[in-house]
There are 4 protein chains.
Amino acid sequence: MVATSALGDLLTTLLERRPFGRRVDDKRPIEDSCLTLLSETAEVSGQHQATRILSRYRMLDSDQRTAFFKFLNDDLDLDGETLSERARAYSREPSPENFVALSRASESKRLNLFRRLNEAQGATAEIVNMREDLLAAVERAPELARTDHDLVHLLRSWFNRGFLVIRRINWDSPASILEKIIAYEAVHQIRTWDDLRLRLQPSDRRCFAFFHPSMPDEPLIFVEVALTRGIPTSVQTVLSESRECIADTAADTAVFYSISNCQRGLAGISFGNSLIKHVASDLSLKLPNIRAYVTLSPIPGLMLWLRNRGIAVEVDDSEMLEQLAAKYLLEARLPDGQPLDPVARFHLGNGAAIHAIHAGADLSENGMAQSSGVMVNYTYDLPRISRNTIRYSRNREVIASAAVKSRAKRAPGSGRG
Amino acid sequence: MVATSALGDLLTTLLERRPFGRRVDDKRPIEDSCLTLLSETAEVSGQHQATRILSRYRMLDSDQRTAFFKFLNDDLDLDGETLSERARAYSREPSPENFVALSRASESKRLNLFRRLNEAQGATAEIVNMREDLLAAVERAPELARTDHDLVHLLRSWFNRGFLVIRRINWDSPASILEKIIAYEAVHQIRTWDDLRLRLQPSDRRCFAFFHPSMPDEPLIFVEVALTRGIPTSVQTVLSESRECIADTAADTAVFYSISNCQRGLAGISFGNSLIKHVASDLSLKLPNIRAYVTLSPIPGLMLWLRNRGIAVEVDDSEMLEQLAAKYLLEARLPDGQPLDPVARFHLGNGAAIHAIHAGADLSENGMAQSSGVMVNYTYDLPRISRNTIRYSRNREVIASAAVKSRAKRAPGSGRG
Amino acid sequence: MVATSALGDLLTTLLERRPFGRRVDDKRPIEDSCLTLLSETAEVSGQHQATRILSRYRMLDSDQRTAFFKFLNDDLDLDGETLSERARAYSREPSPENFVALSRASESKRLNLFRRLNEAQGATAEIVNMREDLLAAVERAPELARTDHDLVHLLRSWFNRGFLVIRRINWDSPASILEKIIAYEAVHQIRTWDDLRLRLQPSDRRCFAFFHPSMPDEPLIFVEVALTRGIPTSVQTVLSESRECIADTAADTAVFYSISNCQRGLAGISFGNSLIKHVASDLSLKLPNIRAYVTLSPIPGLMLWLRNRGIAVEVDDSEMLEQLAAKYLLEARLPDGQPLDPVARFHLGNGAAIHAIHAGADLSENGMAQSSGVMVNYTYDLPRISRNTIRYSRNREVIASAAVKSRAKRAPGSGRG
Amino acid sequence: MVATSALGDLLTTLLERRPFGRRVDDKRPIEDSCLTLLSETAEVSGQHQATRILSRYRMLDSDQRTAFFKFLNDDLDLDGETLSERARAYSREPSPENFVALSRASESKRLNLFRRLNEAQGATAEIVNMREDLLAAVERAPELARTDHDLVHLLRSWFNRGFLVIRRINWDSPASILEKIIAYEAVHQIRTWDDLRLRLQPSDRRCFAFFHPSMPDEPLIFVEVALTRGIPTSVQTVLSESRECIADTAADTAVFYSISNCQRGLAGISFGNSLIKHVASDLSLKLPNIRAYVTLSPIPGLMLWLRNRGIAVEVDDSEMLEQLAAKYLLEARLPDGQPLDPVARFHLGNGAAIHAIHAGADLSENGMAQSSGVMVNYTYDLPRISRNTIRYSRNREVIASAAVKSRAKRAPGSGRG
C-alpha cells in the first residue's frame, strides 16, 4: 500500500502540472464539465476531468452547491416515460436485449456521474463530504431527496461490509488518526490527548475502527472497549483515572462503553452491528477468559418520555429511576412496535438483550440531562444473538433479564400501561 | 493492512468453529439459503450465511451452477409490470416518495443478493469467479445474459478506477503473486522462473499491475515495460537474454511490450487504458529522460483478413507484409467504422497513434500464425492523447504516421479498397 | 518487522510461563546470576537467564545498583598482569595463537557480560538505561569510569552509523513516538500536542530522527527543519503560529532550528553530524530549489563569558551584542584551541561556517538568560564541508563570513584581546 | 523500514553523484585510503570514504585482496610492547586513566577500520563477504588468522542474538529471498521452484530464518519444519510429493528436517541453537497439539568411521547398520570427549537427546554415500534441554533413549571399544 500511495501522490502531482491533452476552459460552469464527463469522448481524460470537477466543487459556496444539487436532481434525473415504456416491453418479452435497454433506462445519469467522479485520486472521501452537504441541502429543498436516495444507494454498495477493513486503534496509531478519534467521540467526550491515552494505552482498554481502503485516514466508526472483572455499573468507574488497571488476560468481561459514527456523509448506512460482532468474535479468540460481552449504554430518551407523561422523579431516588427506566425500555414503543429509545433499537435490533439498569451511572452534564444519570447494560450473548434477532424482528419482542422485567413491573403505572 | 488481515483470518476461523446462533440446516437447497439471506431477519447473521452460500456454491457441479444461475435469472428477476407502473407514477409526479418506490422496483433481487454475498470474508474474489462460470453458462443458455448484465454492472461499480491500487511487480514481490504473472501472461509466454526474472530484475525492465484491495493476492491486469534507447523493431530483441542491459536513467523510450488481463470474471471491464496512462505518467516523473512511450504490439487479425480476401504473401517478403499490415490496420473496419483488429481498437481508442510496422518482429509460433511475424508500434504521445481520442471517437479517424500511411497506399489493391 | 515483533512477544510470554529447563533460584544475588551467565554451561539457556538478570536489575534501588556496578568494575575487570604477560609474548612472537591468547586477555569479563545480557528480548534499550544509571554512579564513585569506558565502547560499536535507520517524523507518526519528541525536545520547548503539530504538519516543516532497529520505539536524536525563503533571523519568526506557510517547493533555504539527543545513556556517542548531513543530502535531492542549509542556533556560553570578563551590555544595544557575540564565537577558545562555545564546537567541527549573528533572535526566558537573545546562523555548504573540517581540525581555524569577522573586529577590546 | 531504505537509496545515489567536498584521488592505493579513514580529519566524510574503499575492494583480484589482508594483519596490528607497558601500569595503579590508555592500546587499528567501513550504506553485507575472502586467504597464509580473529570477534558482537530478527519464510515471501533459500539449502537439495513450493506452501510445512536488520535481503540461517503425526522414519516420506497433507492443528510432532547456514563469512558464529529453540517455543504456543520436537538428521561421518575401522556392512542389512550407527553416535569421540559426528555435536550440545535410528531413511546419493542411508532422530524435550546441556558439557555425556543404547550394545565390537 505504501508504494501505491507514493505512486498515487506522484500522479496527482503530475496531473496538476502536466494535464493530458488540451486544457479545458476553466471558466465553464461546473454543470457543463459534468455533462462532458458523462459524454463518451471524455473517457480518455476522465480521471483528470473528475479531479477538476471535484476541485471546482470545493470552491462553491453553499448556494452554489444547492444549485449544483438541483442540476443533478432535475437535469440528470431518470426519464420516467422511457423507463415505463421499456419496462412494459420487458414484461411482454423478457429478452436480454430488452433487459439491457430497461437496465440502462432505470439508472439516473447522476448515478453514473458519481461513478465517474470517483475515478479521481482521493475522490471517495470527497463524495462522502458531498453527501454531507447534500443532506443539509435536503433540509431546505426536500425534493433533493431523490438525489440523496441515489447517492446513499451507491455509497451503501461501495461501503459494503466486504470492502471494509478493521484496525485496532492504540497509542501506536498515527496522530492524524487519533485526532479524529478525539473529534468524533460522540458519547463520552475526550478532552485532551492524555484523556485519549487513558482510553488506548492501558492493558485493559481496546479500541477498534472500520476503514475503507480508499479513505485510509478516515475512520468510519469506532468502538471503545473496557476489559473488566464483572459488569460495571457506572461509566465513572470505567473512565476513572485512578482505577486499578488489570491485565487483559485477567478480565472476564468486555464492555463496549462507547460507539461513535464518524462520517455524517454516510448517515443511513449502518456499520455498528458488524463492528460489535467482529470485535466480540476477535476478543473471544484472543482472550478466552472473557465470558460476557456487554455495553454500558446511555438511555437518551428517558427524561423526555417521563416529562411527556408528566412523571417527575427525584434525582436521588435510585430505585424509582431504575424502575421507570426499565418500564421505559420495555414498554415505550414507536407506532411500528419498536422501542422508542434509539440506542435500545440499535442494540436490540442487533440481537442484544437488556441485562441490568443502574442509577447514578453517568453523572456528566449530558448524562444527567437525558436520563438523570441512569444507564443500561445490554448483553451480547454470542450463541443467542441470532435467535434474539428473529424474536425481535418478527414479534418486536424486547428480550430482557428477569430482574429488569420485574423491576419494570414494580414501576408506578405499570400493569395498566 | 497486516493487522486487518490477521484479524480477518481469525474471524474466518471463528466463524467456521463457532457460528453465531443456531446452525442453519446444511441440506437446504442453496436457493433457499439465498432467499433467507435476502429476507430481513437474516441481517444479523448475514456474513455467516453469505460465507455458507459461497462455500455451497463452490461444491456445485457445472449443471448445478447453471440451475443456480437460472434461479437468479428467473426467480430473482425484475418485476417489469411493477416497475412500469411505478415509472408512470413517477412521470406523473416526480416526488421523492415516488422516486424511492421506483428505485426499489428498478433493481433485480439478484443484484441485492450479490451485495449481501459480498459481505463474507474473501467474497469479492469468489463473486468474480462466479462471473467466470456465468459467462460459460451464457454460452449454453443465452437468456442468462440478463443476470450477466446485472453482475457486470455491479462489478464495474465495485472495480471503479478510484478503488484500484497500482503496485510495481519486481523480483522482491511475493512468489504467490509472481506465479500468477507467469500464469496470466497472455502475449509473450513466460516459460520458467528464470524467464520471469529476466522480465523483472534488470534495471531496464518494469512491470506494474492493478489490484483491488479486497483481492490483494490477485492482479487484475499487468503491463510489462522495457526501457530502451530508440524504438525497438522486434520482440526478439526486447526479450533476448543476451541483450545488453542499460541503466534506467540512460533510456529514452518506454516500450509497453505486453499487457495481460488476469481475471476472466471481469471480462468487459476495461483497465488497460488507465494502467498504461498511469504508468506513463509515473515513468515521466521518475525518469525524465524518457521521451517516447510506445508499444510493440501484435496484429492478431492480419493473416485471417488476408486469407479472407484471398491474398497470399511470401513470409520473407518483408516489404509486402508491412504494406499489407499498414493497409489492414488503416482500412479494415467493423460495420461501426472501428478497426477490425482488436489490439488496434484498444490502443487507438485510448488515444495512441500507429507509428511504425515491422516484419520479422515476432518469430514465435503464435506470432507467425497470426501475422506472419509482423508487429506494430503504437505511440502514446501524452499531450496528444486527448485530441486523438476525440478524433477517433467522433470520426473513427485512425491516426497514423506519414510513413505508415504512404506504405498502406503502396499496398496491392489500395486506392480501390 | 511486524511478524518478528509478534513472534518476539510470544516468545517473551513463553519464556515467562514455561522456562527452558530447571528454574534457577530467584533469591541468588544478581552477581551470582551474572557469573553463571558467563560460565560455559549457561549457554543453552542464556537468553532466559539474561532476561531474568535484567528484570532483577530493574528492581534494584540506587545503592544496590552502585554495588552492582562495583562488582562489574572490580570482579569482572581486566587482569593487567596476565594481559601484560601475553602482550610481551606476542611482541616476541606474533603468532596467531599468541594473538588469540592476548585478545582474550585484553577484554574485561564485564564486556562479555553486557554482550550476553543483550541476547534477551528488548535488552538493548535496557542496557542503554543501565548506562544512564552508571553515569550517575560515576559522579559519586569516579573509579566506575573504567566500567563506563567499556560500556560506551561497546555501545559505540552497536550504534555504528551503519546500523541506524533514519525515519521522517510527521503527523502520521505513532503517538507513542511523538510523545517522546515532546519530552526530548531540548532547545525550543514543545508545550502541547498542538504545538507539536505546528512543527510537523505544515508543508514547510520537516523532522527526522535516527533509530536503532532493536529500539524501534525510541528515537536516538532528532532534528527539526523549517523550509523558508531566505535565512531567518529570529526563532520567533520561525515558530510563529501566524506565519504564512509556504509550499515546500517554494523554499530556497532549509533551517535546522533544533537538534536534540534523546538517550542520556548514549552520552558521548555522536549522531548529530551524520543526521544533519543525511537530511541535507536527502532534501537536496527531493527539493532541488533549496540552495542553503543553515542553522538558527543558540549561543549558550555568551553571557557567562561576558560576565567572566566583566563586560556589561544593554539588552537593547543590538549592534554591541552582535559584535560581542561575533568576538566570542571567533576568539573565545578552550586550551586546545577549540571554541569555548559547545554549539560552535559541534557545528564547526562538522564543517559548518559562521554565517550571521542576530540580536533579538530568541526572546524566550532561556534565550535571554544564556545569550541576551542573540542567535547565530551556521551554514552547511555541502561542497565545502570536507575542506572546512580539515581546516578546523588541523589549524583550529574558525570559518566565518566576512561580515561576521569585521563585526568581531569592531567589538570593544578586539585587536588587543 | 521502507522509508528508510528509500532514503538510503537516495543517499547512495547522491553520494555517487555529488560527493561531499573535494574528490579524493581515485588512484591512491586502497591502503592509503584506509589510513585516511582512520585519521581524525576524515571523520566528516567518513561515510563517503568508506563507500569508496568498499567499492575499491570489490574490484581487487584474489592476490590483491590477500595483499590487502596482509596490510591489515601487519600494518594495522596491535602494538604488543605498548600494550604490555600499559597493562603493567594498570596493574600497578588501576585508575580510570590507566584503564582508558590500556583499552586504547588493546585493540588493533584494523578493528577500528572495520567499524569505520561499516558506516557506509550496505556495508555490513560487504564486510561479511570480506570475511569469506579472508577465510580463503587464511588457508594460504595462516598468519592472517590474527586478522580473522579480530573480524570474527567483531562480527559476533554485531550479530548478537539480541539484534537478529526471525521471519517466517513462505510462499508469500519475496522471490529474491526464496532464490537464496534454494541456493543455500545444504541438506536436502531443492531442485526447482515447484520443489521449493512443496516445502513452503502446504499447511503442514514451516520455514523460519534469522535476519540481521542491516542485511534484510540475506537470510543468515534457516530451518525447514514438517508437521506430522508421529515421528517420521525416513526423509523420503517427509518430502514425498504424494504424501497426504494434514492440517497444522492435526499434527502432534514438529520435525526439523533441514537446517542450513547461509553466510560463509559468518562461519564460527552459531545461530542454530537459538533458531531451533525460538521456533520450538513459537510452535508450542501456536499449535498446542504438538507434543514432540524432533529432528530427522543425517549422520555425515558414519561411513568414513566404519571404513577407518575396516568394518564393511551390507547396504540392506538394516539391523546391523542401525546398531553400528548407534555405536558410532554413542562411542566415537574426539580427543576432548565430544562426539566425532559434527551433527551429533551440534544437537547434543544444544541439549537434544538421541531418540531413534533408522536405516533406509535417506536414499539420496549423498545420503547413501555418507551413511548408507541411515538417519537419526534427535529430540528437543523443552523441559529437559537445560539439564541435558549441563550433563553434556560437564561430563560429555551423550543422552540417548534406552532403545538406542541397547542397540549400540548389540553392535559388533561393542563392550570392547
# chains A, B, ... in the order shown; residues from 1 in each chain; ligands from 1
>>> select_by_dssp(residues="stretch 106-217 of chain D", states="alpha helix (DSSP H)", output="ChimeraX atom specification")
/D:109-117,123-140,145-158,175-184,193-200
>>> residues_around(residues="stretch 266-274 of chain A", least_positions_apart="6", cutoff="7 Å", atoms="only C-alpha atoms", output="VMD selection string")
chain A and resid 128 156 221 350
>>> closest_residue(among="C:Ala352, C:Met368, C:Leu220, C:Leu334", to="chain D", atoms="only C-alpha atoms")
C:Ala352
>>> residues_around(residues="stretch 60-65 of chain D", least_positions_apart="3", cutoff="10 Å", atoms="only C-alpha atoms", output="list in words")
Ile30, Ser55, Arg56, Tyr57, Phe68, Phe69, Lys70, Phe71, Met130, Asp133, Leu134, Ala136 and Ala137 of chain D
>>> interface_residues(of="chain C", to="chain A", cutoff="6 Å", atoms="only C-alpha atoms", output="NGL selection string")
:C and (171-176)
>>> residues_around(residues="B:Ala344", least_positions_apart="5", cutoff="12 Å", atoms="only C-alpha atoms", output="ChimeraX atom specification")
/B:295-302,325-326,328-334,338-339,349-355,375-379,392,398-400
>>> write_last_selection(atoms="N, CA and C atoms", output="compact mmCIF listing (two decimals), in the first residue's frame")
# COMPACT_ATOMS: atom_id res chain seq x y z
N THR B 295 4.27 1.11 -27.86
CA THR B 295 4.04 -0.31 -27.66
C THR B 295 4.85 -1.07 -28.71
N LEU B 296 4.97 -2.35 -28.50
CA LEU B 296 5.39 -3.23 -29.58
C LEU B 296 4.30 -4.30 -29.57
N SER B 297 3.35 -4.17 -30.49
CA SER B 297 2.08 -4.90 -30.36
C SER B 297 1.89 -5.92 -31.47
N PRO B 298 1.19 -6.99 -31.13
CA PRO B 298 0.81 -7.97 -32.15
C PRO B 298 -0.30 -7.42 -33.04
N ILE B 299 -0.48 -8.08 -34.20
CA ILE B 299 -1.59 -7.73 -35.10
C ILE B 299 -2.40 -9.01 -35.27
N PRO B 300 -3.20 -9.37 -34.27
CA PRO B 300 -3.76 -10.73 -34.25
C PRO B 300 -4.63 -11.07 -35.46
N GLY B 301 -5.27 -10.07 -36.10
CA GLY B 301 -6.22 -10.42 -37.17
C GLY B 301 -5.64 -10.39 -38.58
N LEU B 302 -4.33 -10.11 -38.71
CA LEU B 302 -3.80 -9.87 -40.06
C LEU B 302 -3.97 -11.05 -41.02
N ALA B 325 0.05 -5.00 -43.90
CA ALA B 325 -0.31 -4.77 -42.49
C ALA B 325 -0.77 -3.33 -42.31
N ALA B 326 -0.06 -2.39 -42.94
CA ALA B 326 -0.46 -0.98 -42.84
C ALA B 326 -1.87 -0.80 -43.39
N TYR B 328 -4.19 -3.08 -43.69
CA TYR B 328 -5.14 -3.75 -42.80
C TYR B 328 -5.49 -2.85 -41.61
N LEU B 329 -4.47 -2.30 -40.99
CA LEU B 329 -4.72 -1.50 -39.79
C LEU B 329 -5.48 -0.23 -40.12
N LEU B 330 -5.18 0.36 -41.27
CA LEU B 330 -5.82 1.63 -41.62
C LEU B 330 -7.21 1.45 -42.22
N GLU B 331 -7.38 0.35 -42.98
CA GLU B 331 -8.61 0.28 -43.78
C GLU B 331 -9.62 -0.78 -43.36
N ALA B 332 -9.13 -1.87 -42.77
CA ALA B 332 -10.09 -2.92 -42.42
C ALA B 332 -10.93 -2.48 -41.22
N ARG B 333 -12.24 -2.41 -41.42
CA ARG B 333 -13.10 -1.85 -40.38
C ARG B 333 -14.26 -2.76 -40.03
N LEU B 334 -14.78 -2.55 -38.85
CA LEU B 334 -16.04 -3.17 -38.46
C LEU B 334 -17.17 -2.34 -39.05
N GLN B 338 -15.09 1.13 -36.61
CA GLN B 338 -13.87 0.92 -35.83
C GLN B 338 -12.97 -0.09 -36.56
N PRO B 339 -11.66 -0.06 -36.26
CA PRO B 339 -10.76 -1.02 -36.91
C PRO B 339 -11.17 -2.45 -36.59
N GLY B 349 -8.36 3.56 -29.53
CA GLY B 349 -9.41 4.06 -28.66
C GLY B 349 -8.86 4.77 -27.43
N ASN B 350 -7.66 4.36 -27.01
CA ASN B 350 -7.00 5.01 -25.87
C ASN B 350 -6.35 6.33 -26.24
N GLY B 351 -6.28 6.63 -27.54
CA GLY B 351 -5.64 7.88 -27.94
C GLY B 351 -4.23 7.70 -28.49
N ALA B 352 -3.82 6.45 -28.72
CA ALA B 352 -2.50 6.21 -29.31
C ALA B 352 -2.58 6.40 -30.83
N ALA B 353 -1.39 6.41 -31.47
CA ALA B 353 -1.33 6.52 -32.92
C ALA B 353 -0.44 5.40 -33.46
N ILE B 354 -0.70 4.99 -34.73
CA ILE B 354 0.15 3.97 -35.35
C ILE B 354 1.45 4.64 -35.78
N HIS B 355 2.57 4.11 -35.30
CA HIS B 355 3.84 4.77 -35.54
C HIS B 355 4.67 4.07 -36.63
N MET B 375 4.70 -6.94 -36.56
CA MET B 375 4.22 -6.25 -35.36
C MET B 375 4.13 -4.76 -35.65
N VAL B 376 3.54 -4.04 -34.68
CA VAL B 376 3.32 -2.61 -34.89
C VAL B 376 3.66 -1.84 -33.60
N ASN B 377 4.25 -0.67 -33.79
CA ASN B 377 4.42 0.26 -32.65
C ASN B 377 3.27 1.25 -32.64
N TYR B 378 2.54 1.29 -31.54
CA TYR B 378 1.63 2.40 -31.29
C TYR B 378 2.36 3.38 -30.37
N THR B 379 2.17 4.68 -30.58
CA THR B 379 2.80 5.65 -29.68
C THR B 379 1.75 6.32 -28.81
N TYR B 392 -10.73 10.04 -32.97
CA TYR B 392 -11.08 8.64 -33.18
C TYR B 392 -12.54 8.38 -32.86
N VAL B 398 -8.34 6.96 -37.90
CA VAL B 398 -7.20 6.19 -37.41
C VAL B 398 -5.94 7.04 -37.58
N ILE B 399 -5.39 7.49 -36.47
CA ILE B 399 -4.21 8.37 -36.53
C ILE B 399 -2.99 7.51 -36.81
N ALA B 400 -2.23 7.90 -37.85
CA ALA B 400 -1.04 7.12 -38.19
C ALA B 400 0.05 8.06 -38.69
>>> residues_around(residues="A:Ala254", least_positions_apart="6", cutoff="12 Å", atoms="only C-alpha atoms", output="MDAnalysis selection string")
chainID A and resid 204:207 223:232 238 248 276 279:284 287:296 377:381
>>> residues_around(residues="D:Asp317", least_positions_apart="5", cutoff="12 Å", atoms="only C-alpha atoms", output="PyMOL selection string")
chain D and resi 312+322-324+358-360+372-374
